[in-house]
Every structure is written in structure tokens, then in C-alpha cells.
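Asker: Have a look at this one.
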Amino acid sequence: MSGRARARELGVVVGDMPTGPLNAITDVEGVLVGHTTLDDGAELHTGVTAIVPRQLTAERRGLPAAVYAGNGYGKLVGSTQIDELGVLESPVVLTATLSAFRAADALVTYLMDGNPEGISFNPVVGETNDGFLSDIRRRPITERHVLDALEGASGGLPAEGCVGAGTGTTALGFKAGIGTSSRRPVVDGVPVTVGALVQSNFGGVLTVRGVPMPVEELVPGVANEEPVGNSCMIVVATDAPLDARQLARLARRAIFAMGRVGASYSHGSGDYAIAFSTASPQVPALPDARLNPVFAAVMDSVEEALLNSLFAATTTTGVRGRTSHAVPYDRLLEPVPGEPVG
């Protein structure tokens with residue numbers, strides 16, 4: 001298999017709700033994404049991904065936000081203050097487990113540069129463990145790598161697959177990485193945007209539109225080896241006017257969506273979702289009774305982002321000669337009795 005493809009390019013369409021123009025988290029106005037990738041072709045396959053809401057600096061305000069831990073076996077720097085105050089004051093940086101703390105320090109540098117008078121900052125850094133393919137103990141991420149991802153963040157279609165914080169990750173038996181998607185639900189006659197970005201690194205059996213596709217069947221001779229430290233980070237952004245409590249409801253549904261693609265939610269899987277709203281604080285929050293289309297948008301966009309994170313990834317051989325295989329497109333598109341995928 002060569003090249004990269006997204007789920008829709010392979011004929012895999014999740015739900016019937018329209019996507020944004022890019023089908024990405026960057027369809028939410030003001031949300032930018034940047035990557036720094038470290039890949040030496042041998043033992044280092046890691047990096048940094050930054051999600052940067054422009055409203056944090058352009059409007060100098062925190063954003064309503066919430067965190068949900070589906071399984072708290074992980075490191076999510078800054079999460080307790082979000083829980084306590086319901087406010088996101090920092091870009092969200094994703095990286096490898098043992099580099100999360102250096103990334104947090106670098107993010108403090110970025111925040112200090114943006115606010116020379118500030119004396120307290122809450123950097124938000126999530127991680128998954130890419131030690132199956134990358135020499136994670138080298139902790140190669142530097143301040144410059146983090147700043148490059150933050151300063152290079154843009155509003156275009158983010159790169160997916162083996163890039164940034166997803167360079168060395170695996171999921172559902174296959175090579176995975178970064179994935180993104182969006183939806184445009186209509187609430188009370190007004191379209192809003194929901195976008196998701198994922199760092200996939202979790203166990204289970206790949207399931208595409210309800211059809212299990214075990215790696216043992218798609219890649220003969222390869223076993224579904226679940227590395228230690230599997231996890232998933234999900235970031236959900238929306239321009240819908242929601243408060244922190246409502247955003248917590250969105251974050252929970254983001255974790256639920258992992259089940260649609262076959263997640264095992266295992267003991268060692270740190271599965272976290274962060275949800276935030278970029279809506280103007282002058283706009284009142286939507287009534288809870290109007291949230292069903294937004295909930296559906298979260299579920300669909302996260303599911304498709306997770307599939308994109310696998311379908312865009314390429315086969316990678318890393319530390320100790322371990323190999324994580326890409327999903328083979330030809331096998332993926334083969335008719336399946338009872339319910340075709342494509």
C-alpha cells in the first residue's frame with residue numbers, strides 16, 4: 001500500500017450529517033493545528049501536535065471547556081484546573097508519554113511569551129505511549145519542537161496518520177496516528193460546527209461501520225499485539241454556545257465513540273477527551289433539550305477521525321525491529337457478507 005487516504009476517499013462514510021469544508025477540526029473558526037515530526041527511519045518515531053484556539057490570544061479570554069477520563073491511566077497535565085474552573089486557558093499539546101513534562105514546560109514558555117505580565121499559567125498537555133515503535137526513554141522532544149508546532153499551527157487541513165504526536169502510535173492492531181473530522185449539525189435552524197482531532201494508540205479489534213476487521217485477517221501472519229501503555233487522546237472543538245457542564249457531556253460522548261471502531265478500553269489505556277467551545281461569551285448557552293444534534297455530531301466526527309487516523313497511516317518499523325502494519329486498502333474494500341463496507 002502506498003500513499004495516504006481518508007475514510008471517505010475509500011468509500012467509508014460515517015453517518016449522514018454534512019461535514020465542514022475540510023472535514024477537520026479546523027472547520028471550527030479560529031482553531032489551528034500544528035505538527036512537529038521526529039522520524040529517523042529507525043528507532044525514533046514521535047513528535048508533537050498542537051491544537052491552538054486563536055480566541056485565546058486574539059480575544060484574550062479563556063474558553064469554556066471540560067475533560068472526561070474514560071480511563072485515567074495516563075498523564076493529562078492541566079486537567080484538574082479545567083475540571084475545577086471549566087475554562088481552557090492554553091493550547092492543547094499532544095506528545096509521547098515520557099515527553100509530556102518537557103512539553104508542558106515548553107508550553108509555559110509559549111504562554112509566558114504571550115503574556116509578559118502573567119505569573120500563573122495552566123498548560124494542557126496530553127499523551128499516548130509510542131514506546132512500541134519509538135525509543136521513548138530517549139525523551140527526544142525539546143522546547144523548540146513544541147514551539148515549532150505551536151507557532152506553525154494553521155487553519156488548513158491538518159496532516160493525518162504518521163505525523164506529529166501520532167508518528168509512532170498504533171491502534172486496533174494496525175499503525176495509527178493523528179486523525180480529524182467535522183460535522184455541521186443544525187440546531188434550531190442554525191448550523192453549528194463540531195470538529196474532532198484524535199491521537200490513536202489503543203487496543204481492540206478494528207471495526208468499520210459495525211464490521212469487525214481483525215488484523216489477523218487483513219494482514220495474514222500478523223497477530224494483534226497490543227502494546228503496553230495504549231491510550232487515546234481526543235480533542236473536540238465547537239462553535240456552538242455551550243457551558244462547561246454541557247461540554248463535559250460532549251467529552252463523554254467522544255469516549256463512547258471509541259467503542260464504534262472496536263476499542264477494548266483495556267486496563268492500561270488512558271482514554272481522555274477534552275471539549276471546548278469558541279462561541280462568544282455574549283451568546284447564551286443552548287438549552288440541554290436542543291443538544292441531540294450536537295451529540296450526534298460528536299459521535300460521528302470522532303468515529304471518522306479515528307478511522308482517518310488509521311487509514312492515513314503507513315507501515316512503520318521501529319525500535320527493536322517491531323513493525324506496525326497499515327490497514328491494507330484492498331482488503332478493507334473487499335465485500336463482507338451481510339454488510340459491505342465500501
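Within each chain, counting starts at residue 1; across the C-alpha cells, chains are named A, B, ... in the order shown, with ligands numbered 1 upward in that order.
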Report as number ranges by chain all protein, DNA and RNA residues lying within 10 Å of A:Ser231, evaluated on only C-alpha atoms, omitting residues in the same chain fewer than 6 positions from it.
Answerer: A: 71-74, 97, 127-130, 169-171, 199-203, 265-272
Asker: Which parts of stretch 263-322 of chain A does DSSP call strand (DSSP E or B) when run on the backbone here, written out as a ChimeraX atom specification?
Answerer: /A:263,270-277,316-317
Asker: Dump N, CA, C and O atoms for the selected residues as a PDB file, in the first residue's frame?
Answerer:
ATOM      1  N   ALA A 263     -12.771  -0.318  20.158  1.00  0.00           N
ATOM      2  CA  ALA A 263     -11.868  -0.139  21.290  1.00  0.00           C
ATOM      3  C   ALA A 263     -12.155  -1.151  22.392  1.00  0.00           C
ATOM      4  O   ALA A 263     -13.316  -1.476  22.677  1.00  0.00           O
ATOM      5  N   GLY A 270      -5.146   4.888  28.760  1.00  0.00           N
ATOM      6  CA  GLY A 270      -5.574   6.187  29.278  1.00  0.00           C
ATOM      7  C   GLY A 270      -6.384   6.916  28.235  1.00  0.00           C
ATOM      8  O   GLY A 270      -5.826   7.517  27.312  1.00  0.00           O
ATOM      9  N   ASP A 271      -7.683   6.875  28.348  1.00  0.00           N
ATOM     10  CA  ASP A 271      -8.579   7.412  27.311  1.00  0.00           C
ATOM     11  C   ASP A 271      -9.213   8.712  27.813  1.00  0.00           C
ATOM     12  O   ASP A 271     -10.027   8.707  28.742  1.00  0.00           O
ATOM     13  N   TYR A 272      -8.830   9.828  27.179  1.00  0.00           N
ATOM     14  CA  TYR A 272      -9.252  11.155  27.626  1.00  0.00           C
ATOM     15  C   TYR A 272      -9.873  11.941  26.480  1.00  0.00           C
ATOM     16  O   TYR A 272      -9.425  11.836  25.328  1.00  0.00           O
ATOM     17  N   ALA A 273     -10.843  12.765  26.815  1.00  0.00           N
ATOM     18  CA  ALA A 273     -11.407  13.713  25.856  1.00  0.00           C
ATOM     19  C   ALA A 273     -11.438  15.098  26.474  1.00  0.00           C
ATOM     20  O   ALA A 273     -11.788  15.259  27.646  1.00  0.00           O
ATOM     21  N   ILE A 274     -11.057  16.091  25.684  1.00  0.00           N
ATOM     22  CA  ILE A 274     -11.167  17.498  26.054  1.00  0.00           C
ATOM     23  C   ILE A 274     -12.128  18.138  25.071  1.00  0.00           C
ATOM     24  O   ILE A 274     -11.976  17.972  23.853  1.00  0.00           O
ATOM     25  N   ALA A 275     -13.117  18.854  25.558  1.00  0.00           N
ATOM     26  CA  ALA A 275     -14.062  19.554  24.690  1.00  0.00           C
ATOM     27  C   ALA A 275     -14.076  21.028  25.076  1.00  0.00           C
ATOM     28  O   ALA A 275     -14.081  21.371  26.260  1.00  0.00           O
ATOM     29  N   PHE A 276     -14.081  21.905  24.071  1.00  0.00           N
ATOM     30  CA  PHE A 276     -14.139  23.334  24.341  1.00  0.00           C
ATOM     31  C   PHE A 276     -14.999  24.032  23.297  1.00  0.00           C
ATOM     32  O   PHE A 276     -15.209  23.515  22.190  1.00  0.00           O
ATOM     33  N   SER A 277     -15.500  25.196  23.665  1.00  0.00           N
ATOM     34  CA  SER A 277     -16.341  25.993  22.767  1.00  0.00           C
ATOM     35  C   SER A 277     -15.670  27.330  22.481  1.00  0.00           C
ATOM     36  O   SER A 277     -15.153  27.992  23.393  1.00  0.00           O
ATOM     37  N   THR A 316       5.106   1.006   9.541  1.00  0.00           N
ATOM     38  CA  THR A 316       6.280   1.574  10.189  1.00  0.00           C
ATOM     39  C   THR A 316       7.031   0.487  10.952  1.00  0.00           C
ATOM     40  O   THR A 316       6.430  -0.275  11.704  1.00  0.00           O
ATOM     41  N   THR A 317       8.345   0.435  10.746  1.00  0.00           N
ATOM     42  CA  THR A 317       9.215  -0.434  11.539  1.00  0.00           C
ATOM     43  C   THR A 317      10.063   0.442  12.439  1.00  0.00           C
ATOM     44  O   THR A 317      10.658   1.424  11.993  1.00  0.00           O
TER      45      THR A 317
END
Asker: Restricting the calculation to only C-alpha atoms: of A:Ser181, A:Thr193, A:Asn292, A:Ser264, which residue gets closest to A:Ala24?
Answerer: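 Result for the nearest residue to A:Ala24: A:Ser181.
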Asker: Just want the 12 Å neighbourhood of A:Glu29, counted on only C-alpha atoms, with same-chain residues fewer than 6 positions away dropped. Output as a PyMOL selection string.
Answerer: chain A and resi 20-22+52-55+154-156+182+192-195+237-240+277-280
Asker: At a cut-off of 12 Å, using only C-alpha atoms, what residues contact A:Pro140? Leave out same-chain residues fewer than 3 positions from it and give the result as a ChimeraX atom specification.
Answerer: /A:36-40,43-48,95-103,134-137,143-146
Asker: Show which residues sit within 7 Å of A:Lys175, as a PDB file with N, CA, C and O atoms, in the first residue's frame. Count only C-alpha atoms, and ignore same-chain residues fewer than 5 positions away.
Answerer:
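around.pdb was written with the following content:
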ATOM      1  N   THR A 169       2.425   5.876  16.910  1.00  0.00           N
ATOM      2  CA  THR A 169       1.336   5.211  17.627  1.00  0.00           C
ATOM      3  C   THR A 169       0.719   4.074  16.824  1.00  0.00           C
ATOM      4  O   THR A 169       0.832   4.005  15.599  1.00  0.00           O
ATOM      5  N   THR A 170       0.055   3.183  17.551  1.00  0.00           N
ATOM      6  CA  THR A 170      -0.652   2.058  16.946  1.00  0.00           C
ATOM      7  C   THR A 170      -2.040   1.967  17.571  1.00  0.00           C
ATOM      8  O   THR A 170      -2.258   2.410  18.690  1.00  0.00           O
ATOM      9  N   LEU A 310      -6.151   5.813  11.234  1.00  0.00           N
ATOM     10  CA  LEU A 310      -5.603   4.531  10.777  1.00  0.00           C
ATOM     11  C   LEU A 310      -5.422   4.501   9.263  1.00  0.00           C
ATOM     12  O   LEU A 310      -4.376   4.094   8.765  1.00  0.00           O
ATOM     13  N   ALA A 313      -2.384   6.308   7.891  1.00  0.00           N
ATOM     14  CA  ALA A 313      -1.075   5.884   8.391  1.00  0.00           C
ATOM     15  C   ALA A 313      -0.425   4.876   7.448  1.00  0.00           C
ATOM     16  O   ALA A 313      -1.104   4.183   6.685  1.00  0.00           O
ATOM     17  N   THR A 314       0.893   4.798   7.524  1.00  0.00           N
ATOM     18  CA  THR A 314       1.655   3.872   6.686  1.00  0.00           C
ATOM     19  C   THR A 314       2.450   2.907   7.557  1.00  0.00           C
ATOM     20  O   THR A 314       2.802   3.222   8.701  1.00  0.00           O
ATOM     21  N   THR A 315       2.752   1.732   7.028  1.00  0.00           N
ATOM     22  CA  THR A 315       3.501   0.711   7.754  1.00  0.00           C
ATOM     23  C   THR A 315       4.817   1.288   8.266  1.00  0.00           C
ATOM     24  O   THR A 315       5.544   1.964   7.546  1.00  0.00           O
ATOM     25  N   SER A 324       4.567  -2.130  12.770  1.00  0.00           N
ATOM     26  CA  SER A 324       3.120  -1.924  12.847  1.00  0.00           C
ATOM     27  C   SER A 324       2.619  -1.701  11.433  1.00  0.00           C
ATOM     28  O   SER A 324       3.076  -0.789  10.733  1.00  0.00           O
ATOM     29  N   HIS A 325       1.697  -2.555  10.997  1.00  0.00           N
ATOM     30  CA  HIS A 325       1.249  -2.561   9.609  1.00  0.00           C
ATOM     31  C   HIS A 325       0.077  -1.612   9.382  1.00  0.00           C
ATOM     32  O   HIS A 325      -0.819  -1.494  10.225  1.00  0.00           O
ATOM     33  N   ALA A 326       0.097  -0.963   8.245  1.00  0.00           N
ATOM     34  CA  ALA A 326      -1.021  -0.117   7.849  1.00  0.00           C
ATOM     35  C   ALA A 326      -2.218  -0.975   7.458  1.00  0.00           C
ATOM     36  O   ALA A 326      -2.068  -2.127   7.031  1.00  0.00           O
TER      37      ALA A 326
END
Asker: Atom CA of A:Ala257 and atom CA of A:Gly173 are how many Å apart?
Answerer: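 Separation of atom CA of A:Ala257 and atom CA of A:Gly173: 18.0 Å.
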Asker: Please report the interatomic distance between atom CA of A:Arg8 and atom CA of A:Gly210 in Å with one decimal.
Answerer: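 Interatomic distance, atom CA of A:Arg8 to atom CA of A:Gly210: 16.1 Å.
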Asker: Take atom CA of A:Ala104 and atom CA of A:Asn122 and report the distance between them in Å, one decimal.
Answerer: 9.1 Å
Asker: Excluding same-chain residues fewer than 5 positions from A:Val190, what lies within 12 Å of it counting only C-alpha atoms, as a list of chain:residue names?
Answerer: A:Arg184, A:Pro185, A:Asp239, A:Ala240, A:Pro241, A:Leu286, A:Arg290, A:Pro293, A:Val294
Asker: Generate a file of the selected residues that holds N, CA, C and O atoms, formatted as a CSV table (one decimal), in the first residue's frame.
Answerer:
chain,number,residue,atom,x,y,z
A,184,ARG,N,-21.5,19.4,10.7
A,184,ARG,CA,-22.3,20.6,10.7
A,184,ARG,C,-23.7,20.3,11.0
A,184,ARG,O,-24.6,20.3,10.2
A,185,PRO,N,-24.0,20.1,12.3
A,185,PRO,CA,-25.4,19.9,12.7
A,185,PRO,C,-26.2,21.2,12.7
A,185,PRO,O,-25.6,22.3,12.7
A,239,ASP,N,-18.2,25.6,17.8
A,239,ASP,CA,-18.6,27.0,17.9
A,239,ASP,C,-20.0,27.1,18.4
A,239,ASP,O,-20.6,28.2,18.5
A,240,ALA,N,-20.6,26.0,18.8
A,240,ALA,CA,-21.9,26.0,19.5
A,240,ALA,C,-21.8,26.7,20.9
A,240,ALA,O,-20.8,26.4,21.6
A,241,PRO,N,-22.7,27.5,21.3
A,241,PRO,CA,-22.6,28.1,22.6
A,241,PRO,C,-23.0,27.1,23.7
A,241,PRO,O,-24.1,26.8,23.9
A,286,LEU,N,-26.9,27.0,24.8
A,286,LEU,CA,-28.1,26.3,24.2
A,286,LEU,C,-28.8,25.5,25.3
A,286,LEU,O,-28.2,25.0,26.3
A,290,ARG,N,-31.8,20.9,23.3
A,290,ARG,CA,-31.5,21.1,21.9
A,290,ARG,C,-30.2,20.5,21.5
A,290,ARG,O,-29.7,20.7,20.4
A,293,PRO,N,-28.6,17.0,18.3
A,293,PRO,CA,-27.8,17.0,17.0
A,293,PRO,C,-26.3,17.2,17.3
A,293,PRO,O,-25.4,16.7,16.5
A,294,VAL,N,-25.9,18.0,18.3
A,294,VAL,CA,-24.5,18.2,18.7
A,294,VAL,C,-23.9,16.9,19.2
A,294,VAL,O,-22.8,16.5,18.9
Asker: Run DSSP on the backbone of this structure and report the residues of stretch 208-302 of chain A it assigns to helix (DSSP H, G or I), as number ranges by chain.
Answerer: A: 215-218, 244-261, 288-290, 292-302
Asker: Of the candidates A:Val215, A:Val186, A:Cys232, A:Leu111, which shows the shortest atom-to-atom distance to A:Leu76, using only C-alpha atoms?
Answerer: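 Answer, going by the shortest atom-to-atom distance: A:Cys232.
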Asker: Find, counting only C-alpha atoms, the residue in A:Ser79, A:Gln282, A:Asn308, A:Thr26 that gets nearest to A:Gly161.
Answerer: A:Asn308
Asker: Give me, as a PyMOL selection string, all polymer residues having an atom no more than 7 Å from A:Phe311, counting only C-alpha atoms and skipping those fewer than 4 positions away in the same chain.
Answerer: chain A and resi 5-7+307+327
Asker: Measuring between only C-alpha atoms, which one of A:Pro328, A:Val302, A:Asp16, A:Arg320 shows the shortest distance to A:Leu133?
Answerer: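 Looking at the shortest contact to A:Leu133, the residue is A:Arg320.
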